[in-house]
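Here's the structure, in C-alpha cells; my notes come after.
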Amino acid sequence: MLRPHPAHDMPCCRTLQVTRTPYSQVIFETNRYSVPVDQGGAHLTLRAYPFALEVFDGNQVLTRHPRSYAREQDLFDPLHYLPLLKQRPGAFEHAKPVRRWRETWPPCYELLLARLRQRDGDGPGLRMFIAVLNLHQDYPAPLIAQAIEAALTLGVVHVDGIRLCLHQILEPTTSPPHVNLDHQPQIAQIGLHPPDLTCYDQLRTGGLS
C-alpha cells in the first residue's frame with residue numbers, strides 16, 4: 001500500500017545545527033555567513049543547497065545567502081548589522097561589513113554623509129546618515145539612491161526629506177483629468193476668471209458701506 005504524498009517536499013539539502021558567533025555569523029565549510037543581529041537565538045539550523053544557504057531559527061527563515069565554494073570567506077549582508085550600528089555609531093568607520101558596503105555605494109551616499117557631517121557635526125551627522133541607511137530595511141537600494149540624489153538637489157538633507165522623496169517617487173502626483181463642460185455652459189466659466197478682491201480693500205479702509 002502506497003503512503004500518501006507528504007504535505008511538504010523533502011528539502012534537497014544538507015541540514016545541520018550551527019552556533020552564532022560573537023560577530024553574528026554562522027560557519028559552514030570554513031566560510032562565515034552573516035545573520036541578523038536582532039533576530040534568532042544562539043543555536044540555529046542551517047540548510048545548505050547546491051547554490052544557496054538558508055539559516056533558520058525554528059521555522060523562521062532568518063537569512064539566505066548564495067553558497068560560496070571558496071574557503072575562509074566572510075559573506076556579509078550589511079543590513080544584518082544596521083540595528084547594531086544604530087546603537088554603536090562609532091563602529092561605522094571600522095566595521096568590516098560597512099567598509100565593504102561603502103565600496104559599492106553610489107557617489108551620492110558619500111556626498112550625503114559629508115553634507116550631514118558638515119552641517120550637524122561628526123556624531124549627529126553620522127547618526128542621521130545611519131538613519132538613512134535604515135531605509136534599506138523597507139526600500140530597494142536603487143530607489144534610495146534616487147531619493148538621496150533628489151534630496152541633495154532640493155537641499156532637504158534629512159532622513160525625513162529623503163523619505164518624502166521616496167514617497168514622491170513611488171506615488172508621483174498626476175494632473176486631474178480634463179472635464180468636458182461643453183454641455184454645461186452655465187458652469188464652464190467658473191474658475192477661469194479671478195475674483196475682484198478690491199471690495200475687501202474697500203471694507204478694510206471703510207470705503208464700502
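Ordered as shown in the C-alpha cells, chains take letters A, B, and onward, while each chain numbers its residues from 1 and ligands are numbered from 1 in the order shown.
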Residue neighbourhood Cys165 (chain A), 7 Å, only C-alpha atoms, exclusion window fewer than 5 positions, as a list in words: Ala147, Ala150 and Ala151 of chain A
Expected file contents, prior selection, N, CA and C atoms, as an mmCIF file, in the first residue's frame:
```cif
data_model
loop_
_atom_site.group_PDB
_atom_site.id
_atom_site.type_symbol
_atom_site.label_atom_id
_atom_site.label_comp_id
_atom_site.auth_asym_id
_atom_site.auth_seq_id
_atom_site.Cartn_x
_atom_site.Cartn_y
_atom_site.Cartn_z
ATOM 1 N N ALA A 147 16.305 58.725 -4.350
ATOM 2 C CA ALA A 147 15.747 59.675 -3.386
ATOM 3 C C ALA A 147 16.839 60.542 -2.764
ATOM 4 N N ALA A 150 17.734 63.216 -5.222
ATOM 5 C CA ALA A 150 16.684 64.237 -5.260
ATOM 6 C C ALA A 150 16.764 65.135 -4.034
ATOM 7 N N ALA A 151 17.001 64.545 -2.858
ATOM 8 C CA ALA A 151 17.085 65.332 -1.627
ATOM 9 C C ALA A 151 18.289 66.271 -1.650
#
```
All residues 12 Å or closer to Leu143 (chain A), only C-alpha atoms, same chain fewer than 2 positions away omitted, as a count of residues only: 21
Sel. of helix (DSSP H, G or I) residues, region 37-182 of chain A, as a PyMOL selection string: chain A and resi 78-87+89-91+96-102+107-120+122-137+141-154+159-170
Can I get the selection written as an mmCIF file, in the first residue's frame, with C-alpha atoms?
```cif
data_model
loop_
_atom_site.group_PDB
_atom_site.id
_atom_site.type_symbol
_atom_site.label_atom_id
_atom_site.label_comp_id
_atom_site.auth_asym_id
_atom_site.auth_seq_id
_atom_site.Cartn_x
_atom_site.Cartn_y
_atom_site.Cartn_z
ATOM 1 C CA PRO A 78 25.192 44.728 5.704
ATOM 2 C CA LEU A 79 21.507 45.076 6.566
ATOM 3 C CA HIS A 80 22.038 42.434 9.237
ATOM 4 C CA TYR A 81 24.208 44.874 11.196
ATOM 5 C CA LEU A 82 22.145 48.072 10.926
ATOM 6 C CA PRO A 83 20.439 47.662 14.344
ATOM 7 C CA LEU A 84 23.860 47.299 15.979
ATOM 8 C CA LEU A 85 25.214 50.272 14.048
ATOM 9 C CA LYS A 86 22.314 52.366 15.322
ATOM 10 C CA GLN A 87 23.319 51.515 18.895
ATOM 11 C CA PRO A 89 27.595 54.534 15.565
ATOM 12 C CA GLY A 90 31.276 54.707 16.480
ATOM 13 C CA ALA A 91 31.741 51.330 14.773
ATOM 14 C CA LYS A 96 34.061 45.223 8.047
ATOM 15 C CA PRO A 97 30.520 44.811 6.620
ATOM 16 C CA VAL A 98 30.169 48.596 6.345
ATOM 17 C CA ARG A 99 33.604 49.043 4.761
ATOM 18 C CA ARG A 100 32.707 46.509 2.081
ATOM 19 C CA TRP A 101 29.312 48.116 1.591
ATOM 20 C CA ARG A 102 30.858 51.546 1.099
ATOM 21 C CA PRO A 107 28.717 58.610 -5.001
ATOM 22 C CA CYS A 108 25.586 60.318 -3.640
ATOM 23 C CA TYR A 109 25.913 58.350 -0.372
ATOM 24 C CA GLU A 110 29.341 59.750 0.413
ATOM 25 C CA LEU A 111 28.182 63.233 -0.607
ATOM 26 C CA LEU A 112 25.202 62.946 1.733
ATOM 27 C CA LEU A 113 27.425 61.789 4.593
ATOM 28 C CA ALA A 114 29.820 64.698 4.030
ATOM 29 C CA ARG A 115 26.945 67.219 3.945
ATOM 30 C CA LEU A 116 25.433 65.841 7.145
ATOM 31 C CA ARG A 117 28.754 65.915 8.982
ATOM 32 C CA GLN A 118 29.455 69.429 7.772
ATOM 33 C CA ARG A 119 26.051 70.700 8.868
ATOM 34 C CA ASP A 120 25.406 68.756 12.077
ATOM 35 C CA ASP A 122 30.557 64.388 13.069
ATOM 36 C CA GLY A 123 28.493 62.486 15.659
ATOM 37 C CA PRO A 124 24.971 63.815 14.951
ATOM 38 C CA GLY A 125 25.620 63.807 11.206
ATOM 39 C CA LEU A 126 26.721 60.181 11.300
ATOM 40 C CA ARG A 127 23.677 59.161 13.339
ATOM 41 C CA MET A 128 21.409 60.855 10.807
ATOM 42 C CA PHE A 129 23.211 59.023 7.997
ATOM 43 C CA ILE A 130 22.726 55.690 9.779
ATOM 44 C CA ALA A 131 19.007 56.518 9.996
ATOM 45 C CA VAL A 132 19.072 56.951 6.206
ATOM 46 C CA LEU A 133 20.787 53.576 5.828
ATOM 47 C CA ASN A 134 17.971 52.018 7.843
ATOM 48 C CA LEU A 135 15.624 52.901 4.991
ATOM 49 C CA HIS A 136 17.193 49.902 3.231
ATOM 50 C CA GLN A 137 15.088 47.712 5.527
ATOM 51 C CA ALA A 141 18.700 50.284 -2.914
ATOM 52 C CA PRO A 142 18.188 51.875 -6.380
ATOM 53 C CA LEU A 143 15.138 53.731 -5.084
ATOM 54 C CA ILE A 144 17.017 55.047 -2.054
ATOM 55 C CA ALA A 145 19.888 56.280 -4.225
ATOM 56 C CA GLN A 146 17.382 58.089 -6.434
ATOM 57 C CA ALA A 147 15.747 59.675 -3.386
ATOM 58 C CA ILE A 148 19.122 60.751 -1.947
ATOM 59 C CA GLU A 149 20.050 62.451 -5.216
ATOM 60 C CA ALA A 150 16.684 64.237 -5.260
ATOM 61 C CA ALA A 151 17.085 65.332 -1.627
ATOM 62 C CA LEU A 152 20.589 66.661 -2.288
ATOM 63 C CA THR A 153 19.305 68.633 -5.267
ATOM 64 C CA LEU A 154 16.430 70.089 -3.239
ATOM 65 C CA VAL A 159 16.086 61.373 6.702
ATOM 66 C CA ASP A 160 12.543 62.777 6.614
ATOM 67 C CA GLY A 161 13.312 64.678 3.413
ATOM 68 C CA ILE A 162 14.681 61.521 1.809
ATOM 69 C CA ARG A 163 11.636 59.585 2.973
ATOM 70 C CA LEU A 164 9.412 62.237 1.382
ATOM 71 C CA CYS A 165 11.379 61.936 -1.872
ATOM 72 C CA LEU A 166 10.840 58.181 -1.745
ATOM 73 C CA HIS A 167 7.121 58.734 -1.348
ATOM 74 C CA GLN A 168 7.075 61.119 -4.304
ATOM 75 C CA ILE A 169 8.972 58.631 -6.461
ATOM 76 C CA LEU A 170 6.609 55.807 -5.552
#
```
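The closest residue to Ala95 (chain A), picked from A:Glu29, A:Tyr23, A:Leu2, A:Gln73 and counting only C-alpha atoms, is A:Tyr23.
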